[in-house]
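Here the structure is laid out as structure tokens; the discussion comes afterwards.
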Amino acid sequence: MAVDGNWNITLSTPMGERKTTLSVKTAGGTLSGTQGADGNSTEIFDGTANGDDVNWKVSITNPMPLTLAFSGKVSGDSMSGEASIGPMGSFPFTGSRA
């Protein structure tokens with residue numbers, strides 16, 4: 001699928017840009033893999049891939065415990081969408097193939 005591989009993700013938040021890495025693969029519409037930042041990496045969950053549309057969640061502990069829900073679209077070697085950060089709202093993200 002179009003999303004398989006490694007990505008550099010930039011999330012625009014009120015605390016500034018947050019850069020993460022994303023390594024994913026698809027199997028039958030399920031998206032799995034890991035997302036990392038600041039030297040830490042964790043498994044993504046509830047991941048789906050349908051055509052160019054991708055969705056996944058990741059739980060983080062830094063700068064505070066949160067679950068981020070990403071929803072985006074892949075176009076060639078780029079990705080863009082929004083990440084919902086619970087009560088803080090949604091923020092845009094962009095990604096490029098690593």
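Numbering starts fresh at 1 for the residues of each chain in the structure tokens, the chains themselves are lettered A, B, ... in the order given, and ligands are numbered from 1 as they appear.
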Env of segment 53-70 of chain A: 6 Å cut, atoms = only C-alpha atoms, seq-sep filter 5 positions within chain, self excluded. Answer as a PyMOL selection string.
chain A and resi 44-48+82-85
Excluding same-chain residues fewer than 3 positions from segment 23-35 of chain A, what lies within 7 Å of it counting only C-alpha atoms, as a PyMOL selection string?
chain A and resi 1+4-7+20+41-45+47-50
Do you know which residues are at most 9 Å from Ser75 of chain A counting only C-alpha atoms, after dropping those on the same chain fewer than 6 positions away, and could you put them as a VMD selection string?
chain A and resid 2 to 3 52
Could you pull out all residues of chain A with a DSSP call of strand (DSSP E) and give them as an NGL selection string?
:A and (5-13 or 16-27 or 30-37 or 40-43 or 45-50 or 53-60 or 66-75 or 78-84 or 90-97)
Near Gly81 of chain A, counting only C-alpha atoms, which residues have an atom at most 7 Å away, once you skip same-chain residues fewer than 6 positions from it, shown as a list of chain:residue names?
A:Ser71, A:Gly72, A:Lys73, A:Pro92, A:Phe93, A:Thr94
Selection to disk with N, CA and C atoms, as a PDB file, in the first residue's frame:
ATOM      1  N   SER A  71      -5.363  11.309  11.646  1.00  0.00           N
ATOM      2  CA  SER A  71      -6.196  11.026  10.489  1.00  0.00           C
ATOM      3  C   SER A  71      -5.611  11.793   9.311  1.00  0.00           C
ATOM      4  N   GLY A  72      -5.196  11.073   8.268  1.00  0.00           N
ATOM      5  CA  GLY A  72      -4.536  11.768   7.180  1.00  0.00           C
ATOM      6  C   GLY A  72      -4.716  11.093   5.840  1.00  0.00           C
ATOM      7  N   LYS A  73      -4.064  11.692   4.855  1.00  0.00           N
ATOM      8  CA  LYS A  73      -4.111  11.212   3.487  1.00  0.00           C
ATOM      9  C   LYS A  73      -2.686  11.165   2.943  1.00  0.00           C
ATOM     10  N   PRO A  92      -2.830  20.339  12.847  1.00  0.00           N
ATOM     11  CA  PRO A  92      -2.382  19.786  11.558  1.00  0.00           C
ATOM     12  C   PRO A  92      -1.026  19.096  11.667  1.00  0.00           C
ATOM     13  N   PHE A  93      -0.848  18.083  10.826  1.00  0.00           N
ATOM     14  CA  PHE A  93       0.463  17.463  10.696  1.00  0.00           C
ATOM     15  C   PHE A  93       0.798  17.272   9.232  1.00  0.00           C
ATOM     16  N   THR A  94       2.082  17.214   8.951  1.00  0.00           N
ATOM     17  CA  THR A  94       2.573  16.881   7.610  1.00  0.00           C
ATOM     18  C   THR A  94       3.631  15.805   7.770  1.00  0.00           C
TER      19      THR A  94
END
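When only C-alpha atoms are used to measure the gap to Val74 of chain A, the shortest distance among A:Thr10, A:Thr21, A:Ser96, A:Ser90 belongs to A:Ser96.
The shortest atom-to-atom distance to Met88 of chain A, with only C-alpha atoms taken into account, belongs to A:Thr13 out of A:Gly51, A:Thr13, A:Arg18, A:Asn8.
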Atom CA of Asn40 of chain A to atom CA of Met15 of chain A: how many Å, to one decimal?
18.9 Å
If I take atom CA of Pro14 of chain A and atom CA of Gly76 of chain A, how far is one from the other in Å, to one decimal?
28.5 Å
Quick check, in Å to one decimal: how far apart do atom CA of Gly89 of chain A and atom CA of Asp77 of chain A lie?
27.0 Å
